[in-house]
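A.B. asks: File follows, data.cif with mmCIF, C-alpha atoms:
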data_query
#
loop_
_atom_site.label_atom_id
_atom_site.label_comp_id
_atom_site.auth_asym_id
_atom_site.auth_seq_id
_atom_site.Cartn_x
_atom_site.Cartn_y
_atom_site.Cartn_z
CA MET A 1 196.67 -64.10 21.20
CA ILE A 2 195.09 -61.05 19.61
CA ILE A 3 196.58 -57.63 20.34
CA CYS A 4 194.83 -54.36 19.54
CA ILE A 5 196.86 -51.22 18.84
CA THR A 6 195.14 -47.84 18.44
CA ALA A 7 196.21 -46.13 15.21
CA ARG A 8 195.69 -43.03 13.13
CA GLY A 9 195.51 -45.04 9.91
CA ALA A 10 194.92 -48.56 8.66
CA GLY A 11 197.86 -50.97 8.81
CA MET A 12 201.11 -51.74 10.59
CA ASP A 13 202.86 -48.63 9.27
CA ALA A 14 200.28 -46.16 10.55
CA PRO A 15 201.25 -43.93 13.48
CA VAL A 16 200.01 -45.02 16.91
CA GLU A 17 197.05 -42.96 18.23
CA GLN A 18 197.32 -41.93 21.90
CA ARG A 19 193.57 -41.82 22.54
CA PHE A 20 191.65 -45.04 22.97
CA GLY A 21 187.91 -44.48 22.43
CA ARG A 22 188.35 -41.92 19.67
CA ALA A 23 191.25 -43.59 17.85
CA PRO A 24 190.52 -43.54 14.09
CA TYR A 25 191.54 -47.20 13.70
CA PHE A 26 191.96 -50.31 15.81
CA VAL A 27 194.68 -52.57 14.37
CA PHE A 28 194.22 -56.18 15.52
CA VAL A 29 197.29 -58.41 15.28
CA ASP A 30 197.13 -62.19 15.71
CA THR A 31 200.48 -63.08 17.29
CA GLU A 32 200.22 -66.72 16.24
CA THR A 33 199.71 -66.14 12.51
CA GLY A 34 201.18 -62.64 12.27
CA ASP A 35 198.04 -61.48 10.44
CA SER A 36 196.86 -57.93 11.02
CA ASN A 37 193.43 -56.46 10.47
CA ALA A 38 192.57 -52.75 10.71
CA VAL A 39 189.06 -51.79 11.76
CA ALA A 40 187.83 -48.21 11.31
CA ASN A 41 186.40 -46.87 14.57
CA SER A 42 182.84 -45.66 14.04
CA LEU A 43 182.94 -43.84 17.40
CA VAL A 44 185.43 -41.15 16.32
CA ASP A 45 182.75 -38.46 16.17
CA ALA A 46 180.29 -39.90 18.69
CA ALA A 47 178.94 -37.53 21.32
CA GLY A 48 179.88 -39.52 24.40
CA GLY A 49 180.16 -42.90 26.05
CA VAL A 50 182.84 -43.99 23.57
CA GLY A 51 185.04 -45.75 26.15
CA PRO A 52 182.75 -48.70 26.98
CA ARG A 53 181.68 -49.01 23.34
CA ALA A 54 185.30 -49.14 22.13
CA ALA A 55 186.02 -51.80 24.76
CA GLN A 56 183.07 -53.71 23.33
CA VAL A 57 184.71 -53.60 19.86
CA LEU A 58 187.85 -55.18 21.36
CA VAL A 59 185.82 -57.90 23.09
CA ASP A 60 183.99 -58.64 19.82
CA HIS A 61 187.37 -59.08 18.09
CA ARG A 62 188.58 -61.36 20.90
CA ALA A 63 191.51 -59.07 21.74
CA THR A 64 193.15 -59.77 25.11
CA VAL A 65 195.83 -57.04 25.00
CA LEU A 66 195.43 -53.34 24.18
CA ILE A 67 198.31 -50.99 23.38
CA THR A 68 197.37 -47.30 23.48
CA GLY A 69 198.38 -43.99 25.01
CA GLN A 70 195.68 -43.46 27.62
CA VAL A 71 192.24 -44.76 28.59
CA GLY A 72 189.41 -43.05 30.50
CA GLY A 73 187.63 -44.31 33.62
CA ASN A 74 184.63 -45.98 31.99
CA ALA A 75 186.82 -47.60 29.34
CA ALA A 76 189.18 -48.88 32.04
CA ARG A 77 186.28 -50.50 33.91
CA ALA A 78 184.98 -52.21 30.76
CA LEU A 79 188.45 -53.34 29.65
CA GLN A 80 189.26 -54.76 33.06
CA ALA A 81 185.93 -56.58 33.29
CA GLY A 82 186.55 -57.92 29.79
CA GLY A 83 189.90 -59.35 30.88
CA ILE A 84 191.85 -57.11 28.51
CA ARG A 85 195.32 -56.09 29.67
CA VAL A 86 196.32 -52.56 28.71
CA TYR A 87 199.84 -51.34 27.98
CA ALA A 88 201.00 -47.74 27.49
CA TYR A 89 202.81 -46.68 24.35
CA ARG A 90 203.61 -42.96 24.51
CA GLY A 91 206.06 -42.74 21.61
CA ASP A 92 205.38 -41.31 18.16
CA GLY A 93 206.23 -44.49 16.25
CA ARG A 94 204.24 -46.79 14.02
CA VAL A 95 201.93 -49.64 15.01
CA ALA A 96 204.74 -52.10 14.18
CA ASP A 97 207.14 -50.24 16.52
CA ALA A 98 204.67 -50.38 19.40
CA LEU A 99 204.12 -54.09 18.84
CA GLU A 100 207.86 -54.70 18.77
CA GLN A 101 208.34 -52.88 22.07
CA TYR A 102 205.50 -54.84 23.64
CA THR A 103 207.00 -58.14 22.45
CA ALA A 104 210.37 -57.08 23.89
CA GLY A 105 208.64 -56.50 27.24
CA LYS A 106 209.40 -52.75 27.19
CA LEU A 107 205.85 -51.41 27.68
CA ALA A 108 204.46 -50.68 31.14
CA PRO A 109 200.96 -51.85 32.07
CA LEU A 110 198.43 -48.99 32.14
CA LEU A 111 195.82 -50.83 34.22
CA MET B 1 150.19 -17.49 32.15
CA LYS B 2 153.51 -19.27 31.76
CA LEU B 3 156.41 -16.87 31.29
CA VAL B 4 160.05 -17.88 30.81
CA VAL B 5 163.07 -15.69 31.53
CA ALA B 6 165.97 -16.82 29.31
CA SER B 7 169.09 -15.22 27.90
CA GLY B 8 171.54 -17.16 25.81
CA LYS B 9 174.53 -15.57 27.50
CA GLY B 10 175.11 -16.38 31.15
CA GLY B 11 175.37 -13.66 33.77
CA THR B 12 173.12 -11.17 32.02
CA GLY B 13 170.62 -11.05 34.89
CA LYS B 14 167.98 -13.71 34.22
CA SER B 15 167.63 -14.57 37.88
CA THR B 16 167.58 -10.91 38.86
CA VAL B 17 164.71 -10.26 36.45
CA ALA B 18 162.84 -13.47 37.37
CA ALA B 19 163.18 -12.87 41.12
CA ASN B 20 162.12 -9.23 40.88
CA VAL B 21 159.14 -9.88 38.60
CA ALA B 22 158.02 -12.71 40.90
CA TYR B 23 158.40 -10.56 44.01
CA SER B 24 156.65 -7.57 42.46
CA LEU B 25 153.69 -9.65 41.22
CA SER B 26 153.42 -11.45 44.56
CA ARG B 27 152.51 -8.13 46.19
CA ALA B 28 149.08 -8.41 44.56
CA ARG B 29 148.58 -12.08 43.59
CA ASP B 30 149.75 -15.67 43.93
CA VAL B 31 152.89 -16.51 41.97
CA VAL B 32 154.89 -19.67 41.41
CA LEU B 33 158.55 -19.18 40.52
CA VAL B 34 160.39 -22.18 39.06
CA ASP B 35 164.20 -22.28 38.99
CA CYS B 36 164.95 -24.33 35.87
CA ASP B 37 168.70 -23.57 35.96
CA VAL B 38 169.12 -26.95 37.64
CA GLU B 39 172.91 -27.11 37.29
CA GLU B 40 173.30 -23.92 39.30
CA PRO B 41 169.98 -22.92 40.87
CA ASN B 42 170.24 -19.61 42.68
CA LEU B 43 166.76 -18.13 43.21
CA HIS B 44 166.73 -19.46 46.77
CA LEU B 45 169.44 -16.87 47.51
CA PHE B 46 166.85 -14.11 46.93
CA PHE B 47 164.17 -16.05 48.80
CA PRO B 48 165.67 -18.03 51.69
CA ALA B 49 163.09 -20.33 53.30
CA PRO B 50 162.90 -23.91 54.58
CA ALA B 51 162.19 -26.29 51.68
CA THR B 52 160.58 -29.68 51.19
CA GLU B 53 162.65 -31.92 48.96
CA VAL B 54 161.34 -34.43 46.42
CA PRO B 55 163.86 -36.74 44.73
CA VAL B 56 164.05 -36.93 40.92
CA THR B 57 164.79 -40.35 39.48
CA THR B 58 165.35 -41.68 35.98
CA PRO B 59 165.01 -45.32 34.91
CA VAL B 60 168.24 -47.21 34.21
CA PRO B 61 168.66 -50.83 33.03
CA GLU B 62 169.20 -53.73 35.39
CA ILE B 63 170.28 -57.06 33.88
CA ASP B 64 168.78 -60.36 34.98
CA ALA B 65 171.95 -62.51 34.93
CA ASP B 66 169.90 -65.74 34.83
CA ARG B 67 168.17 -64.80 31.59
CA CYS B 68 170.98 -62.94 29.78
CA THR B 69 172.74 -64.90 27.03
CA PHE B 70 175.33 -62.14 26.33
CA CYS B 71 174.05 -61.84 22.77
CA GLY B 72 175.14 -58.18 22.72
CA GLU B 73 171.93 -56.68 21.24
CA CYS B 74 171.57 -54.12 24.04
CA GLY B 75 175.23 -53.01 23.83
CA ARG B 76 174.98 -52.56 20.07
CA PHE B 77 171.75 -50.62 20.41
CA CYS B 78 172.89 -48.19 23.12
CA ARG B 79 174.45 -45.17 21.46
CA TYR B 80 175.44 -43.72 24.81
CA GLY B 81 177.76 -46.56 25.79
CA ALA B 82 175.76 -47.30 28.93
CA LEU B 83 175.92 -51.08 28.37
CA ALA B 84 179.04 -53.11 27.58
CA VAL B 85 178.38 -56.79 26.87
CA LEU B 86 181.36 -58.96 27.72
CA LYS B 87 181.85 -62.71 27.44
CA ASP B 88 180.41 -63.54 30.83
CA ARG B 89 178.69 -60.39 32.05
CA VAL B 90 177.06 -57.10 31.08
CA LEU B 91 178.47 -53.90 32.51
CA VAL B 92 176.02 -51.09 33.15
CA PHE B 93 177.26 -47.48 33.27
CA PRO B 94 174.20 -45.76 34.78
CA GLU B 95 175.65 -42.26 34.53
CA LEU B 96 175.93 -42.64 30.74
CA CYS B 97 172.32 -43.86 30.38
CA HIS B 98 169.80 -41.43 28.84
CA SER B 99 166.82 -43.52 29.98
CA CYS B 100 165.46 -44.12 26.48
CA GLY B 101 164.34 -47.65 27.41
CA GLY B 102 165.55 -49.05 24.08
CA CYS B 103 167.63 -51.81 25.66
CA THR B 104 164.55 -53.30 27.32
CA LEU B 105 162.84 -53.40 23.93
CA VAL B 106 165.66 -54.97 21.91
CA CYS B 107 166.58 -57.66 24.46
CA PRO B 108 165.32 -60.95 22.95
CA GLN B 109 165.41 -62.64 26.36
CA GLY B 110 163.41 -60.05 28.31
CA ALA B 111 166.40 -59.93 30.64
CA ILE B 112 166.43 -56.16 31.16
CA ARG B 113 164.18 -54.26 33.49
CA GLU B 114 164.43 -50.64 34.53
CA THR B 115 165.09 -49.46 38.05
CA PRO B 116 164.93 -45.88 39.31
CA ARG B 117 168.14 -43.98 39.98
CA THR B 118 168.24 -40.62 41.80
CA ILE B 119 169.87 -37.86 39.74
CA GLY B 120 168.66 -34.77 41.58
CA SER B 121 165.78 -33.25 43.47
CA VAL B 122 163.13 -30.58 43.41
CA ARG B 123 162.90 -28.26 46.43
CA CYS B 124 159.64 -26.51 47.20
CA SER B 125 159.34 -23.58 49.59
CA ARG B 126 157.03 -20.68 50.37
CA PRO B 127 159.26 -17.70 51.11
CA LEU B 128 156.28 -15.29 51.05
CA PRO B 129 152.60 -16.06 51.69
CA THR B 130 151.83 -15.44 48.01
CA LEU B 131 155.08 -16.79 46.50
CA THR B 132 155.95 -20.45 45.97
CA LEU B 133 159.50 -21.26 44.89
CA ILE B 134 160.20 -24.55 43.12
CA SER B 135 163.92 -25.20 42.52
CA GLY B 136 165.28 -28.03 40.40
CA VAL B 137 168.63 -29.37 41.57
CA LEU B 138 170.72 -31.68 39.39
CA ASN B 139 173.27 -33.67 41.38
CA GLU B 140 176.94 -33.04 40.61
CA GLY B 141 178.32 -35.19 37.81
CA GLU B 142 174.88 -35.91 36.36
CA VAL B 143 173.92 -34.87 32.83
CA GLN B 144 170.16 -35.32 32.55
CA ALA B 145 169.11 -31.76 33.35
CA PRO B 146 165.87 -32.00 31.32
CA ALA B 147 164.50 -34.76 33.60
CA VAL B 148 164.88 -32.50 36.65
CA ILE B 149 163.39 -29.54 34.77
CA ARG B 150 160.38 -31.65 33.72
CA LYS B 151 159.73 -32.61 37.33
CA ALA B 152 160.08 -29.02 38.57
CA LYS B 153 157.65 -27.82 35.88
CA LEU B 154 155.25 -30.64 36.67
CA LEU B 155 155.04 -29.53 40.30
CA ALA B 156 154.02 -26.03 39.15
CA GLU B 157 151.45 -27.37 36.69
CA GLY B 158 147.91 -26.06 37.01
CA HIS B 159 148.88 -22.81 38.71
CA PRO B 160 147.49 -19.76 36.88
CA LEU B 161 150.72 -17.73 37.04
CA VAL B 162 154.10 -19.40 36.69
CA LEU B 163 157.49 -17.79 36.00
CA TYR B 164 160.37 -19.98 34.87
CA ASP B 165 164.03 -19.01 35.19
CA ALA B 166 165.92 -20.84 32.42
CA SER B 167 169.57 -21.83 32.36
CA PRO B 168 172.01 -19.94 30.15
CA GLY B 169 172.67 -21.15 26.62
CA ILE B 170 170.24 -22.59 24.11
CA ALA B 171 170.75 -26.34 24.64
CA CYS B 172 168.32 -29.03 25.83
CA PRO B 173 167.67 -27.54 29.30
CA VAL B 174 166.50 -24.26 27.73
CA ILE B 175 164.32 -26.02 25.16
CA GLU B 176 162.80 -28.12 27.95
CA THR B 177 162.07 -24.96 29.96
CA LEU B 178 160.50 -23.13 27.00
CA GLU B 179 158.32 -26.07 25.93
CA GLY B 180 154.64 -25.33 26.47
CA CYS B 181 155.15 -21.76 27.69
CA ASP B 182 153.22 -18.71 26.51
CA ALA B 183 155.93 -16.07 26.19
CA CYS B 184 159.51 -15.39 27.04
CA ILE B 185 161.68 -12.52 28.23
CA LEU B 186 165.24 -12.56 26.86
CA VAL B 187 167.66 -10.76 29.15
CA THR B 188 170.75 -9.33 27.49
CA GLU B 189 173.49 -6.81 28.15
CA SER B 190 175.00 -4.14 25.89
CA THR B 191 178.15 -6.07 24.99
CA PRO B 192 179.09 -7.92 21.77
CA PHE B 193 178.67 -11.23 23.65
CA GLY B 194 175.28 -10.17 24.92
CA LEU B 195 174.12 -9.41 21.38
CA HIS B 196 175.67 -12.56 19.91
CA ASP B 197 173.87 -14.85 22.34
CA LEU B 198 170.64 -12.84 22.22
CA ARG B 199 170.56 -13.60 18.50
CA LEU B 200 170.83 -17.34 19.22
CA ALA B 201 168.21 -17.28 21.98
CA ALA B 202 165.78 -15.27 19.84
CA GLU B 203 166.15 -17.82 17.08
CA VAL B 204 165.32 -20.66 19.46
CA ALA B 205 162.21 -18.88 20.75
CA GLU B 206 161.09 -18.23 17.20
CA LYS B 207 161.62 -21.85 16.14
CA LEU B 208 159.54 -22.99 19.13
CA GLY B 209 156.81 -20.49 18.23
CA ILE B 210 157.12 -18.59 21.52
CA SER B 211 156.78 -14.78 21.48
CA ALA B 212 159.75 -12.99 22.95
CA GLY B 213 160.64 -9.54 24.23
CA VAL B 214 163.97 -8.19 25.43
CA VAL B 215 165.30 -6.72 28.68
CA ILE B 216 168.61 -4.86 28.39
CA ASN B 217 170.40 -5.15 31.71
CA ARG B 218 173.43 -3.21 32.97
CA SER B 219 172.85 -0.73 30.19
CA ASP B 220 175.68 1.80 29.79
CA GLY B 221 173.50 3.87 27.48
CA ARG B 222 175.25 2.57 24.36
CA ASP B 223 172.67 -0.02 23.40
CA ASP B 224 172.34 0.94 19.73
CA PRO B 225 173.47 -2.41 18.23
CA ILE B 226 171.03 -4.32 20.44
CA VAL B 227 168.18 -1.91 19.84
CA ALA B 228 168.81 -2.13 16.08
CA PHE B 229 168.86 -5.93 16.23
CA CYS B 230 165.58 -5.96 18.17
CA ARG B 231 163.97 -3.57 15.67
CA ASP B 232 165.08 -5.71 12.72
CA HIS B 233 163.73 -8.88 14.32
CA ASP B 234 160.43 -7.55 15.70
CA LEU B 235 161.59 -8.03 19.26
CA PRO B 236 160.17 -5.33 21.53
CA VAL B 237 162.57 -3.93 24.14
CA LEU B 238 160.41 -4.32 27.25
CA MET B 239 162.71 -2.75 29.82
CA THR B 240 166.18 -1.27 30.24
CA ILE B 241 167.99 -1.58 33.57
CA PRO B 242 170.90 0.86 33.93
CA PHE B 243 174.44 -0.06 34.96
CA ASP B 244 174.08 1.54 38.35
CA ARG B 245 176.03 1.33 41.59
CA GLN B 246 172.91 1.57 43.73
CA ILE B 247 171.32 -1.41 41.94
CA ALA B 248 174.51 -3.45 42.33
CA ALA B 249 174.64 -2.63 46.04
CA VAL B 250 171.12 -4.02 46.57
CA GLN B 251 171.68 -6.99 44.32
CA ASN B 252 175.03 -8.18 45.70
CA PRO B 253 173.91 -9.31 49.17
CA GLY B 254 170.83 -11.01 47.63
CA GLY B 255 168.44 -8.06 47.91
CA LEU B 256 165.56 -7.35 45.53
CA ILE B 257 165.57 -4.01 43.75
CA GLY B 258 161.80 -4.34 43.36
CA ARG B 259 161.53 -4.30 47.16
CA GLU B 260 164.33 -1.96 48.15
CA LEU B 261 164.49 0.75 45.52
CA PRO B 262 161.49 3.05 44.96
CA GLY B 263 159.69 2.74 41.63
CA TRP B 264 161.11 -0.64 40.65
CA GLU B 265 158.22 -2.79 41.89
CA GLU B 266 155.95 -0.91 39.49
CA ARG B 267 158.49 -1.25 36.69
CA PHE B 268 158.69 -5.02 37.07
CA VAL B 269 154.88 -5.31 37.18
CA GLU B 270 154.80 -3.27 33.97
CA LEU B 271 157.44 -5.57 32.44
CA PHE B 272 155.19 -8.53 33.20
CA ARG B 273 152.19 -6.77 31.69
CA LYS B 274 154.09 -6.10 28.48
CA ALA B 275 155.44 -9.67 28.33
CA SER B 276 151.92 -11.06 28.83
CA ALA B 277 150.70 -8.88 25.98
CA LEU B 278 153.25 -10.53 23.64
CA GLN B 279 151.31 -13.74 23.89
CA GLU B 280 148.08 -12.04 22.87
CA VAL B 281 149.76 -10.43 19.85
CA ARG B 282 150.77 -13.83 18.55
CA SER B 283 147.48 -15.64 19.23
#
Would you mind writing the structure in this file as structure tokens?
C.D. replies:
Amino acid sequence: MIICITARGAGMDAPVEQRFGRAPYFVFVDTETGDSNAVANSLVDAAGGVGPRAAQVLVDHRATVLITGQVGGNAARALQAGGIRVYAYRGDGRVADALEQYTAGKLAPLL
Amino acid sequence: MKLVVASGKGGTGKSTVAANVAYSLSRARDVVLVDCDVEEPNLHLFFPAPATEVPVTTPVPEIDADRCTFCGECGRFCRYGALAVLKDRVLVFPELCHSCGGCTLVCPQGAIRETPRTIGSVRCSRPLPTLTLISGVLNEGEVQAPAVIRKAKLLAEGHPLVLYDASPGIACPVIETLEGCDACILVTESTPFGLHDLRLAAEVAEKLGISAGVVINRSDGRDDPIVAFCRDHDLPVLMTIPFDRQIAAVQNPGGLIGRELPGWEERFVELFRKASALQEVRS
């Protein structure tokens, strides 16, 4: 399973970003291999319509779970249609902390 | 003659000037007045009359599910996020679409065709025998103001005398309104904000090659900074409307000072004459 966590920097030690579409980085973690891969988000400064396009990035990376602070209406529709489950992480920890809490079943579904 | 009333800053009195010039001219000739402030049209408040409504549509993509292979070309192309290509379907977000038509061109399967979607309307009325009012109305939540403005302008096309009331600001709707016009009146007020936004609006008119003159509204008599700015930028001050209780009293319930206060009809006709002359100076 591939999990995407929105982050302010590249890597597992970067702080989690609360915004979805305009998160500076998407960190993809493969739970089977433990590998992580940070992708810079080209939509950070886009004018609009970032939600569906960010969802598209997740689909392209075959993510099935998203951990972030909040998602907008258009993003929610695209994520749901793409079969991506979304969980809320509202803390100020690192990507690794958010992943740990998700694995421990402590994060509430956002959608 | 195509004359635009614009301002930069909102609330300076664009609609007041446009409505009064239109009314005053209509006493002697046929006039078409176009409300291009499609997000908040208000000229109908000065000229209540039954209107005929024409819908405004823009093309948005429709996916042929039988032909689509989910290759993702359209989603990658669309910079507005109006198309999200998933594993087994394509999501269309029509309200994000800017109707550029690019998705239909990049689709290798020819699986996208465009269908019309209503985003607003244009309302036409004849409040006076010699005055036609054309108001663009953008539906709530929609963003494509220029499409509604284009349609409103199109309906006025061919008429010898058209006045356009622009929206505040200097963004796309104002550019769309100014496009193809002969001259423009910039309405300002004697405040720092009025001057700041007048500067921006004057720059836009200049870039578009449209001659402009200035009306100072709600003048408290301390207009020196604005007058100095106009002098430095070759912008003639065409008219000054005082900050006056009597004018406010006529204006508030939707009255026209050109109709209800003596001398003002002539002043607005004179304003139009001076604004028309701007065009000749340039050409």
A.B. asks: Let me know the residues the PyMOL selection byres ((chain B) within 6 of (chain A)) catches in the file above, as JSON, numbers by chain.
C.D. replies: {"B": [80, 81, 84, 86]}
A.B. asks: Exactly which residues make up the result of the PyMOL selection byres ((chain A and resi 38) around 12) on this file, given as a PyMOL selection string?
C.D. replies: chain A and resi 3-14+23-30+35-37+39-41+58+61+95
A.B. asks: How would the residues just chosen look if you wrote them out with C-alpha atoms as a short mmCIF file (atom, residue, chain, number, x, y, z; two decimals), keeping the file's coordinate frame?
C.D. replies:
data_model
loop_
_atom_site.label_atom_id
_atom_site.label_comp_id
_atom_site.auth_asym_id
_atom_site.auth_seq_id
_atom_site.Cartn_x
_atom_site.Cartn_y
_atom_site.Cartn_z
CA ILE A 3 196.58 -57.63 20.34
CA CYS A 4 194.83 -54.36 19.54
CA ILE A 5 196.86 -51.22 18.84
CA THR A 6 195.14 -47.84 18.44
CA ALA A 7 196.21 -46.13 15.21
CA ARG A 8 195.69 -43.03 13.13
CA GLY A 9 195.51 -45.04 9.91
CA ALA A 10 194.92 -48.56 8.66
CA GLY A 11 197.86 -50.97 8.81
CA MET A 12 201.11 -51.74 10.59
CA ASP A 13 202.86 -48.63 9.27
CA ALA A 14 200.28 -46.16 10.55
CA ALA A 23 191.25 -43.59 17.85
CA PRO A 24 190.52 -43.54 14.09
CA TYR A 25 191.54 -47.20 13.70
CA PHE A 26 191.96 -50.31 15.81
CA VAL A 27 194.68 -52.57 14.37
CA PHE A 28 194.22 -56.18 15.52
CA VAL A 29 197.29 -58.41 15.28
CA ASP A 30 197.13 -62.19 15.71
CA ASP A 35 198.04 -61.48 10.44
CA SER A 36 196.86 -57.93 11.02
CA ASN A 37 193.43 -56.46 10.47
CA VAL A 39 189.06 -51.79 11.76
CA ALA A 40 187.83 -48.21 11.31
CA ASN A 41 186.40 -46.87 14.57
CA LEU A 58 187.85 -55.18 21.36
CA HIS A 61 187.37 -59.08 18.09
CA VAL A 95 201.93 -49.64 15.01
#
A.B. asks: Do you know which residues the PyMOL selection byres ((chain A and resi 87-93) around 9) returns on this file, as a PyMOL selection string?
C.D. replies: chain A and resi 13-18+65-70+85-86+94-98+101-102+107-111
A.B. asks: Report, in Å with one decimal, the straight-line distance from CA of Leu186 (chain B) to CA of Ala166 (chain B).
C.D. replies: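 Between CA of Leu186 (chain B) and CA of Ala166 (chain B) the gap is 10.0 Å.
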A.B. asks: When you draw a straight line from CA of Pro146 (chain B) to CA of Ile134 (chain B), how long is it in Å?
C.D. replies: 15.1 Å
A.B. asks: With only C-alpha atoms as the basis for distance, which of B:Arg89, B:Arg79, B:Arg245, B:Arg117 is at the shortest distance from Ile257 (chain B)?
C.D. replies: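 The shortest atom-to-atom distance to Ile257 (chain B) comes from B:Arg245.
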A.B. asks: Give me the residues within 10 Å of Glu39 (chain B) as a list in words, counting all atoms listed in the file and dropping any in the same chain fewer than 2 places off.
C.D. replies: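 Once the adjacent positions are removed, what remains is Cys36, Asp37, Pro41, Asn42, Gly120, Gly136, Val137, Leu138, Asn139, Glu140, Gly141, Glu142, Val143, Gln144, Ala145, Val148, Ser167 and Pro173 of chain B.
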A.B. asks: Residues within 12 Å of Gly102 (chain B), please, as a list in words. Count only C-alpha atoms; anything in the same chain fewer than 2 positions from it doesn't count.
C.D. replies: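 Surrounding residues, per the criterion: Pro59, Val60, Pro61, Glu73, Cys74, Gly75, Arg76, Phe77, Cys78, Arg79, Tyr80, Ala82, Leu83, Cys97, His98, Ser99, Cys100, Thr104, Leu105, Val106, Cys107, Pro108, Gly110, Ile112, Arg113 and Glu114 of chain B.
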A.B. asks: Give me the residues near Ala201 (chain B) as JSON, numbers by chain, where near means some atom within 12 Å (using all atoms listed in the file) and where sequence neighbours in that chain fewer than 6 positions away do not count.
C.D. replies: {"B": [5, 6, 7, 8, 9, 10, 166, 167, 168, 169, 170, 171, 174, 175, 178, 184, 185, 186, 187, 188, 194, 195, 207, 208, 210, 211, 212, 213, 214, 235]}
